[in-house]
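This report refers to the structure that appears directly beneath it.
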Amino acid sequence: MIEQNRQDSRLKRLHYRAWHRGTREADLMIGGFFDAHHTGWGETEIALYEALMDEEDHDLLAWVLGVVPPPERYEGPLMATMQQLDYVPKAD
């Protein structure tokens with residue numbers, strides 16, 4: 001129970017950080033990804049996403065858009081899923 005409360009607290013913090021990046025584009029990409037995928041995350045994915053939240057937006061956007069390859073520490077299933085961009089809402 002305590003572990004679940006700790007995980008819930010971390011996810012709430014990550015939700016806030018994902019949706020308050022500073023630009024609308026980053027909010028939609030990073031926050032949209034969080035909303036679409038966080039429910040299936042375990043400790044590994046949460047820790048990796050926490051580390052990503054410490055990165056600069058321009059770096060994150062470049063990695064996700066494929067402009068620059070991500071650092072090796074971020075390569076893997078989480079980044080591959082982010083790079084699909086199927087979670088970003090389309091503009092009206």
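Naming works like this for the structure tokens: A, B, ... for the chains as they're shown, residue 1 at the start of each chain, ligands 1 onward in shown order.
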Spatial neighbours of Trp41 in chain A, max dist 10 Å, only C-alpha atoms, sep filter under 5 positions, as a PDB file with C-alpha atoms, in the first residue's frame:
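Result file follows (part_18.pdb):
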ATOM      1  CA  LEU A  11       2.970   9.976 -11.257  1.00  0.00           C
ATOM      2  CA  PHE A  34       2.351  10.946 -20.444  1.00  0.00           C
ATOM      3  CA  ILE A  46       8.724   5.994 -14.249  1.00  0.00           C
ATOM      4  CA  ALA A  47      12.399   6.472 -13.392  1.00  0.00           C
ATOM      5  CA  TYR A  49      10.497   9.502 -17.566  1.00  0.00           C
ATOM      6  CA  LEU A  78       9.954   4.345 -24.129  1.00  0.00           C
TER       7      LEU A  78
END
Could you write out, as a compact mmCIF listing (two decimals) with all heavy atoms, in the first residue's frame, all the residues of range 3-85 of chain A that DSSP marks as alpha helix (DSSP H)?
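Saved as states29.txt:
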# COMPACT_ATOMS: atom_id res chain seq x y z
N GLU A 3 3.94 1.52 -1.03
CA GLU A 3 4.62 1.60 -2.31
C GLU A 3 3.69 2.16 -3.40
O GLU A 3 4.10 2.97 -4.22
CB GLU A 3 5.16 0.23 -2.72
CG GLU A 3 6.00 0.26 -3.97
CD GLU A 3 7.23 1.14 -3.88
OE1 GLU A 3 7.83 1.26 -2.79
OE2 GLU A 3 7.60 1.75 -4.91
N GLN A 4 2.43 1.74 -3.40
CA GLN A 4 1.47 2.24 -4.37
C GLN A 4 1.23 3.74 -4.18
O GLN A 4 1.15 4.49 -5.15
CB GLN A 4 0.14 1.48 -4.27
CG GLN A 4 -0.87 1.89 -5.32
CD GLN A 4 -0.40 1.62 -6.74
OE1 GLN A 4 0.15 0.56 -7.02
NE2 GLN A 4 -0.59 2.57 -7.62
N ASN A 5 1.14 4.19 -2.93
CA ASN A 5 0.97 5.62 -2.66
C ASN A 5 2.16 6.42 -3.15
O ASN A 5 2.02 7.51 -3.68
CB ASN A 5 0.75 5.87 -1.17
CG ASN A 5 -0.61 5.41 -0.70
OD1 ASN A 5 -1.52 5.21 -1.50
ND2 ASN A 5 -0.74 5.20 0.59
N ARG A 6 3.36 5.87 -2.96
CA ARG A 6 4.58 6.53 -3.42
C ARG A 6 4.57 6.64 -4.95
O ARG A 6 4.89 7.68 -5.51
CB ARG A 6 5.81 5.75 -2.95
CG ARG A 6 7.11 6.39 -3.32
CD ARG A 6 8.29 5.61 -2.70
NE ARG A 6 9.54 6.12 -3.20
CZ ARG A 6 10.16 5.65 -4.27
NH1 ARG A 6 9.66 4.63 -4.93
NH2 ARG A 6 11.29 6.17 -4.67
N GLN A 7 4.19 5.55 -5.62
CA GLN A 7 4.14 5.56 -7.08
C GLN A 7 3.08 6.55 -7.57
O GLN A 7 3.32 7.30 -8.51
CB GLN A 7 3.85 4.17 -7.61
CG GLN A 7 3.88 4.09 -9.13
CD GLN A 7 3.78 2.67 -9.64
OE1 GLN A 7 4.09 1.72 -8.93
NE2 GLN A 7 3.36 2.53 -10.87
N ASP A 8 1.92 6.57 -6.93
CA ASP A 8 0.87 7.52 -7.31
C ASP A 8 1.35 8.95 -7.16
O ASP A 8 1.08 9.81 -8.02
CB ASP A 8 -0.38 7.31 -6.46
CG ASP A 8 -1.11 6.01 -6.78
OD1 ASP A 8 -0.81 5.39 -7.82
OD2 ASP A 8 -1.97 5.62 -5.96
N SER A 9 2.07 9.24 -6.10
CA SER A 9 2.61 10.57 -5.87
C SER A 9 3.61 10.95 -6.95
O SER A 9 3.60 12.08 -7.46
CB SER A 9 3.26 10.63 -4.48
OG SER A 9 3.82 11.89 -4.26
N ARG A 10 4.47 10.03 -7.31
CA ARG A 10 5.45 10.29 -8.38
C ARG A 10 4.73 10.56 -9.70
O ARG A 10 5.12 11.46 -10.45
CB ARG A 10 6.40 9.10 -8.53
CG ARG A 10 7.37 8.98 -7.38
CD ARG A 10 8.13 7.68 -7.42
NE ARG A 10 9.11 7.66 -8.50
CZ ARG A 10 9.72 6.56 -8.90
NH1 ARG A 10 9.43 5.39 -8.33
NH2 ARG A 10 10.61 6.61 -9.87
N LEU A 11 3.70 9.79 -10.00
CA LEU A 11 2.97 9.98 -11.26
C LEU A 11 2.24 11.32 -11.27
O LEU A 11 2.19 11.98 -12.32
CB LEU A 11 2.00 8.82 -11.49
CG LEU A 11 2.65 7.49 -11.87
CD1 LEU A 11 1.62 6.36 -11.85
CD2 LEU A 11 3.34 7.57 -13.22
N LYS A 12 1.70 11.75 -10.15
CA LYS A 12 1.05 13.07 -10.09
C LYS A 12 2.05 14.18 -10.35
O LYS A 12 1.78 15.14 -11.07
CB LYS A 12 0.37 13.27 -8.74
CG LYS A 12 -0.90 12.49 -8.58
CD LYS A 12 -1.52 12.69 -7.21
CE LYS A 12 -2.72 11.77 -7.04
NZ LYS A 12 -3.29 11.87 -5.71
N ARG A 13 3.24 14.05 -9.76
CA ARG A 13 4.29 15.03 -10.00
C ARG A 13 4.72 15.04 -11.46
O ARG A 13 4.91 16.09 -12.07
CB ARG A 13 5.50 14.71 -9.11
CG ARG A 13 5.81 15.75 -8.09
CD ARG A 13 7.09 15.54 -7.31
NE ARG A 13 7.64 14.20 -7.21
CZ ARG A 13 7.35 13.31 -6.27
NH1 ARG A 13 6.48 13.61 -5.32
NH2 ARG A 13 7.93 12.12 -6.26
N LEU A 14 4.87 13.85 -12.03
CA LEU A 14 5.26 13.75 -13.44
C LEU A 14 4.19 14.34 -14.35
O LEU A 14 4.51 14.98 -15.35
CB LEU A 14 5.53 12.29 -13.82
CG LEU A 14 6.87 11.75 -13.41
CD1 LEU A 14 6.96 10.26 -13.73
CD2 LEU A 14 8.00 12.51 -14.09
N HIS A 15 2.93 14.11 -14.03
CA HIS A 15 1.84 14.69 -14.83
C HIS A 15 1.96 16.21 -14.86
O HIS A 15 1.88 16.83 -15.92
CB HIS A 15 0.48 14.26 -14.28
CG HIS A 15 -0.66 14.86 -15.02
ND1 HIS A 15 -1.28 16.03 -14.64
CD2 HIS A 15 -1.27 14.47 -16.17
CE1 HIS A 15 -2.23 16.32 -15.50
NE2 HIS A 15 -2.25 15.39 -16.44
N TYR A 16 2.16 16.79 -13.71
CA TYR A 16 2.30 18.25 -13.65
C TYR A 16 3.51 18.72 -14.47
O TYR A 16 3.39 19.64 -15.27
CB TYR A 16 2.43 18.71 -12.20
CG TYR A 16 2.54 20.20 -12.09
CD1 TYR A 16 1.40 20.99 -12.06
CD2 TYR A 16 3.78 20.84 -12.06
CE1 TYR A 16 1.48 22.38 -11.99
CE2 TYR A 16 3.88 22.22 -11.99
CZ TYR A 16 2.73 22.98 -11.95
OH TYR A 16 2.81 24.34 -11.90
N ARG A 17 4.64 18.08 -14.27
CA ARG A 17 5.86 18.47 -14.97
C ARG A 17 5.72 18.28 -16.48
O ARG A 17 6.24 19.08 -17.26
CB ARG A 17 7.06 17.69 -14.46
CG ARG A 17 7.43 18.07 -13.04
CD ARG A 17 8.64 17.31 -12.56
NE ARG A 17 9.84 17.74 -13.27
CZ ARG A 17 10.98 17.08 -13.26
NH1 ARG A 17 11.10 15.95 -12.58
NH2 ARG A 17 12.03 17.55 -13.92
N ALA A 18 5.02 17.24 -16.90
CA ALA A 18 4.84 16.96 -18.33
C ALA A 18 3.97 18.02 -19.00
O ALA A 18 4.18 18.35 -20.16
CB ALA A 18 4.24 15.57 -18.52
N TRP A 19 3.00 18.57 -18.28
CA TRP A 19 2.07 19.53 -18.86
C TRP A 19 2.45 20.99 -18.59
O TRP A 19 1.73 21.90 -19.00
CB TRP A 19 0.65 19.27 -18.37
CG TRP A 19 0.01 18.17 -19.16
CD1 TRP A 19 -0.20 16.88 -18.78
CD2 TRP A 19 -0.48 18.26 -20.51
NE1 TRP A 19 -0.79 16.16 -19.79
CE2 TRP A 19 -0.98 16.99 -20.86
CE3 TRP A 19 -0.53 19.29 -21.45
CZ2 TRP A 19 -1.53 16.72 -22.11
CZ3 TRP A 19 -1.09 19.02 -22.70
CH2 TRP A 19 -1.58 17.75 -23.01
N ARG A 24 3.68 25.54 -25.57
CA ARG A 24 2.50 24.74 -25.91
C ARG A 24 2.91 23.46 -26.66
O ARG A 24 2.35 22.39 -26.43
CB ARG A 24 1.53 25.59 -26.73
CG ARG A 24 0.23 24.90 -27.02
CD ARG A 24 -0.58 24.76 -25.75
NE ARG A 24 -1.84 24.11 -26.06
CZ ARG A 24 -2.43 23.25 -25.27
NH1 ARG A 24 -1.93 22.95 -24.10
NH2 ARG A 24 -3.56 22.71 -25.62
N GLU A 25 3.88 23.59 -27.55
CA GLU A 25 4.34 22.44 -28.34
C GLU A 25 4.90 21.35 -27.43
O GLU A 25 4.58 20.17 -27.58
CB GLU A 25 5.39 22.86 -29.36
CG GLU A 25 4.89 23.78 -30.44
CD GLU A 25 4.82 25.25 -30.01
OE1 GLU A 25 5.28 25.59 -28.88
OE2 GLU A 25 4.32 26.06 -30.80
N ALA A 26 5.74 21.75 -26.49
CA ALA A 26 6.33 20.77 -25.56
C ALA A 26 5.26 20.18 -24.66
O ALA A 26 5.26 18.97 -24.40
CB ALA A 26 7.44 21.42 -24.74
N GLY A 32 1.05 14.98 -23.62
CA GLY A 32 0.21 14.04 -24.36
C GLY A 32 0.74 12.62 -24.27
O GLY A 32 -0.03 11.66 -24.11
N PHE A 33 2.05 12.47 -24.36
CA PHE A 33 2.66 11.15 -24.22
C PHE A 33 2.40 10.58 -22.83
O PHE A 33 2.02 9.42 -22.68
CB PHE A 33 4.16 11.21 -24.49
CG PHE A 33 4.82 9.88 -24.32
CD1 PHE A 33 4.73 8.91 -25.31
CD2 PHE A 33 5.50 9.58 -23.16
CE1 PHE A 33 5.31 7.66 -25.14
CE2 PHE A 33 6.09 8.34 -22.98
CZ PHE A 33 6.00 7.38 -23.98
N PHE A 34 2.60 11.40 -21.81
CA PHE A 34 2.35 10.95 -20.44
C PHE A 34 0.92 10.44 -20.30
O PHE A 34 0.68 9.34 -19.80
CB PHE A 34 2.63 12.06 -19.44
CG PHE A 34 2.34 11.64 -18.02
CD1 PHE A 34 3.30 11.01 -17.27
CD2 PHE A 34 1.09 11.87 -17.47
CE1 PHE A 34 3.02 10.59 -15.97
CE2 PHE A 34 0.80 11.45 -16.18
CZ PHE A 34 1.77 10.82 -15.42
N ASP A 35 -0.04 11.26 -20.72
CA ASP A 35 -1.45 10.88 -20.57
C ASP A 35 -1.78 9.59 -21.31
O ASP A 35 -2.56 8.77 -20.82
CB ASP A 35 -2.36 12.00 -21.07
CG ASP A 35 -2.41 13.19 -20.13
OD1 ASP A 35 -1.86 13.11 -19.01
OD2 ASP A 35 -2.99 14.22 -20.54
N ALA A 36 -1.19 9.40 -22.47
CA ALA A 36 -1.50 8.22 -23.29
C ALA A 36 -0.86 6.94 -22.76
O ALA A 36 -1.38 5.86 -23.02
CB ALA A 36 -1.06 8.47 -24.73
N HIS A 37 0.25 7.05 -22.02
CA HIS A 37 1.02 5.84 -21.73
C HIS A 37 1.34 5.56 -20.26
O HIS A 37 1.76 4.45 -19.95
CB HIS A 37 2.33 5.87 -22.52
CG HIS A 37 2.11 5.84 -23.99
ND1 HIS A 37 1.78 4.69 -24.67
CD2 HIS A 37 2.12 6.83 -24.91
CE1 HIS A 37 1.62 4.97 -25.95
NE2 HIS A 37 1.82 6.25 -26.12
N GLU A 43 8.29 0.69 -12.41
CA GLU A 43 9.38 1.48 -11.83
C GLU A 43 10.40 1.94 -12.87
O GLU A 43 10.84 3.08 -12.86
CB GLU A 43 10.08 0.67 -10.74
CG GLU A 43 11.29 1.35 -10.13
CD GLU A 43 10.98 2.70 -9.50
OE1 GLU A 43 9.90 2.87 -8.93
OE2 GLU A 43 11.85 3.59 -9.57
N THR A 44 10.75 1.07 -13.80
CA THR A 44 11.77 1.41 -14.81
C THR A 44 11.31 2.57 -15.68
O THR A 44 12.06 3.52 -15.90
CB THR A 44 12.07 0.17 -15.69
OG1 THR A 44 12.53 -0.89 -14.85
CG2 THR A 44 13.11 0.49 -16.74
N GLU A 45 10.08 2.50 -16.17
CA GLU A 45 9.57 3.56 -17.04
C GLU A 45 9.37 4.87 -16.28
O GLU A 45 9.66 5.94 -16.82
CB GLU A 45 8.24 3.13 -17.68
CG GLU A 45 8.37 1.98 -18.64
CD GLU A 45 8.32 0.61 -17.99
OE1 GLU A 45 8.10 0.52 -16.75
OE2 GLU A 45 8.51 -0.38 -18.70
N ILE A 46 8.91 4.78 -15.05
CA ILE A 46 8.72 5.99 -14.25
C ILE A 46 10.07 6.67 -14.01
O ILE A 46 10.20 7.88 -14.19
CB ILE A 46 8.01 5.68 -12.92
CG1 ILE A 46 6.56 5.26 -13.18
CG2 ILE A 46 8.05 6.89 -11.98
CD1 ILE A 46 5.84 4.71 -11.96
N ALA A 47 11.07 5.90 -13.64
CA ALA A 47 12.40 6.47 -13.39
C ALA A 47 12.97 7.09 -14.66
O ALA A 47 13.57 8.18 -14.62
CB ALA A 47 13.33 5.40 -12.84
N LEU A 48 12.79 6.44 -15.80
CA LEU A 48 13.30 6.98 -17.06
C LEU A 48 12.57 8.27 -17.43
O LEU A 48 13.20 9.24 -17.85
CB LEU A 48 13.15 5.94 -18.16
CG LEU A 48 13.73 6.30 -19.52
CD1 LEU A 48 15.21 6.62 -19.43
CD2 LEU A 48 13.50 5.16 -20.51
N TYR A 49 11.25 8.30 -17.25
CA TYR A 49 10.50 9.50 -17.57
C TYR A 49 10.86 10.64 -16.61
O TYR A 49 10.94 11.80 -17.03
CB TYR A 49 8.99 9.22 -17.54
CG TYR A 49 8.20 10.18 -18.38
CD1 TYR A 49 8.20 10.09 -19.76
CD2 TYR A 49 7.45 11.19 -17.80
CE1 TYR A 49 7.49 10.98 -20.54
CE2 TYR A 49 6.72 12.08 -18.56
CZ TYR A 49 6.75 11.97 -19.93
OH TYR A 49 6.04 12.86 -20.69
N GLU A 50 11.12 10.32 -15.36
CA GLU A 50 11.58 11.35 -14.41
C GLU A 50 12.89 11.96 -14.90
O GLU A 50 13.08 13.17 -14.85
CB GLU A 50 11.76 10.76 -13.02
CG GLU A 50 10.47 10.52 -12.29
CD GLU A 50 10.64 9.78 -10.97
OE1 GLU A 50 11.57 8.96 -10.83
OE2 GLU A 50 9.81 10.02 -10.08
N ALA A 51 13.79 11.13 -15.39
CA ALA A 51 15.06 11.63 -15.91
C ALA A 51 14.83 12.49 -17.15
O ALA A 51 15.45 13.55 -17.30
CB ALA A 51 16.00 10.46 -16.24
N LEU A 52 13.93 12.07 -18.02
CA LEU A 52 13.62 12.88 -19.21
C LEU A 52 13.08 14.25 -18.85
O LEU A 52 13.35 15.24 -19.53
CB LEU A 52 12.61 12.14 -20.10
CG LEU A 52 13.14 11.03 -20.98
CD1 LEU A 52 11.99 10.25 -21.60
CD2 LEU A 52 14.05 11.59 -22.06
N MET A 53 12.31 14.33 -17.76
CA MET A 53 11.73 15.61 -17.35
C MET A 53 12.81 16.60 -16.91
O MET A 53 12.56 17.80 -16.87
CB MET A 53 10.71 15.42 -16.22
CG MET A 53 9.45 14.68 -16.62
SD MET A 53 8.47 15.51 -17.90
CE MET A 53 9.10 14.74 -19.38
N ASP A 57 13.74 21.18 -23.03
CA ASP A 57 12.69 20.92 -24.01
C ASP A 57 13.24 20.79 -25.42
O ASP A 57 12.82 19.92 -26.17
CB ASP A 57 11.65 22.05 -23.99
CG ASP A 57 10.74 21.97 -22.78
OD1 ASP A 57 10.78 20.96 -22.05
OD2 ASP A 57 9.98 22.93 -22.56
N HIS A 58 14.17 21.66 -25.80
CA HIS A 58 14.67 21.60 -27.17
C HIS A 58 15.39 20.28 -27.44
O HIS A 58 15.33 19.76 -28.55
CB HIS A 58 15.55 22.81 -27.50
CG HIS A 58 16.80 22.91 -26.69
ND1 HIS A 58 16.85 23.56 -25.48
CD2 HIS A 58 18.04 22.43 -26.92
CE1 HIS A 58 18.07 23.47 -24.99
NE2 HIS A 58 18.81 22.78 -25.84
N ASP A 59 16.05 19.73 -26.44
CA ASP A 59 16.69 18.42 -26.60
C ASP A 59 15.64 17.32 -26.74
O ASP A 59 15.71 16.48 -27.64
CB ASP A 59 17.62 18.10 -25.43
CG ASP A 59 18.84 18.99 -25.40
OD1 ASP A 59 19.30 19.43 -26.48
OD2 ASP A 59 19.35 19.25 -24.29
N LEU A 60 14.66 17.34 -25.84
CA LEU A 60 13.59 16.34 -25.90
C LEU A 60 12.87 16.36 -27.23
O LEU A 60 12.64 15.31 -27.84
CB LEU A 60 12.57 16.60 -24.79
CG LEU A 60 12.85 16.00 -23.42
CD1 LEU A 60 11.87 16.56 -22.40
CD2 LEU A 60 12.77 14.51 -23.47
N LEU A 61 12.50 17.54 -27.69
CA LEU A 61 11.79 17.65 -28.96
C LEU A 61 12.64 17.15 -30.11
O LEU A 61 12.15 16.45 -31.01
CB LEU A 61 11.34 19.09 -29.20
CG LEU A 61 10.31 19.63 -28.20
CD1 LEU A 61 10.02 21.11 -28.46
CD2 LEU A 61 9.03 18.83 -28.22
N ALA A 62 13.93 17.46 -30.12
CA ALA A 62 14.83 16.99 -31.18
C ALA A 62 14.93 15.47 -31.17
O ALA A 62 14.94 14.83 -32.23
CB ALA A 62 16.21 17.63 -31.02
N TRP A 63 15.01 14.87 -29.99
CA TRP A 63 15.10 13.40 -29.91
C TRP A 63 13.82 12.74 -30.37
O TRP A 63 13.84 11.78 -31.13
CB TRP A 63 15.41 12.95 -28.48
CG TRP A 63 16.67 13.51 -27.91
CD1 TRP A 63 17.78 13.92 -28.61
CD2 TRP A 63 16.96 13.74 -26.54
NE1 TRP A 63 18.74 14.39 -27.74
CE2 TRP A 63 18.27 14.29 -26.46
CE3 TRP A 63 16.26 13.54 -25.36
CZ2 TRP A 63 18.88 14.62 -25.25
CZ3 TRP A 63 16.86 13.87 -24.16
CH2 TRP A 63 18.15 14.40 -24.11
N VAL A 64 12.70 13.28 -29.91
CA VAL A 64 11.40 12.68 -30.25
C VAL A 64 11.11 12.84 -31.74
O VAL A 64 10.61 11.91 -32.39
CB VAL A 64 10.28 13.30 -29.40
CG1 VAL A 64 8.91 12.87 -29.89
CG2 VAL A 64 10.45 12.90 -27.93
N LEU A 65 11.44 13.99 -32.31
CA LEU A 65 11.19 14.22 -33.73
C LEU A 65 12.22 13.55 -34.62
O LEU A 65 12.07 13.54 -35.85
CB LEU A 65 11.15 15.73 -34.01
CG LEU A 65 10.00 16.48 -33.35
CD1 LEU A 65 10.14 17.98 -33.55
CD2 LEU A 65 8.65 15.98 -33.87
N PRO A 77 12.46 1.17 -25.64
CA PRO A 77 11.02 1.16 -25.93
C PRO A 77 10.29 2.46 -25.60
O PRO A 77 9.41 2.88 -26.35
CB PRO A 77 10.48 0.02 -25.07
CG PRO A 77 11.65 -0.83 -24.73
CD PRO A 77 12.85 0.07 -24.76
N LEU A 78 10.65 3.10 -24.50
CA LEU A 78 9.95 4.34 -24.13
C LEU A 78 10.19 5.43 -25.18
O LEU A 78 9.24 6.06 -25.66
CB LEU A 78 10.40 4.83 -22.74
CG LEU A 78 9.59 5.98 -22.18
CD1 LEU A 78 8.25 5.49 -21.66
CD2 LEU A 78 10.34 6.67 -21.06
N MET A 79 11.44 5.62 -25.58
CA MET A 79 11.75 6.64 -26.60
C MET A 79 11.14 6.25 -27.94
O MET A 79 10.61 7.10 -28.66
CB MET A 79 13.25 6.83 -26.72
CG MET A 79 13.65 7.91 -27.72
SD MET A 79 13.00 9.58 -27.40
CE MET A 79 13.89 10.01 -25.90
N ALA A 80 11.19 4.98 -28.29
CA ALA A 80 10.61 4.53 -29.56
C ALA A 80 9.11 4.84 -29.60
O ALA A 80 8.59 5.27 -30.63
CB ALA A 80 10.87 3.05 -29.76
N THR A 81 8.44 4.64 -28.49
CA THR A 81 7.01 4.94 -28.42
C THR A 81 6.78 6.45 -28.51
O THR A 81 5.86 6.90 -29.19
CB THR A 81 6.39 4.37 -27.13
OG1 THR A 81 6.66 2.96 -27.08
CG2 THR A 81 4.89 4.61 -27.07
N MET A 82 7.62 7.23 -27.86
CA MET A 82 7.49 8.70 -27.95
C MET A 82 7.66 9.16 -29.39
O MET A 82 6.98 10.08 -29.84
CB MET A 82 8.53 9.40 -27.07
CG MET A 82 8.24 9.34 -25.60
SD MET A 82 9.43 10.30 -24.62
CE MET A 82 8.65 11.91 -24.72
- Using only C-alpha atoms: which of A:Thr39, A:Glu56, A:Gly22, A:Gly31 has the shortest distance to Tyr87 in chain A: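 When distances to Tyr87 in chain A are compared using only C-alpha atoms, the smallest one comes from A:Gly31.
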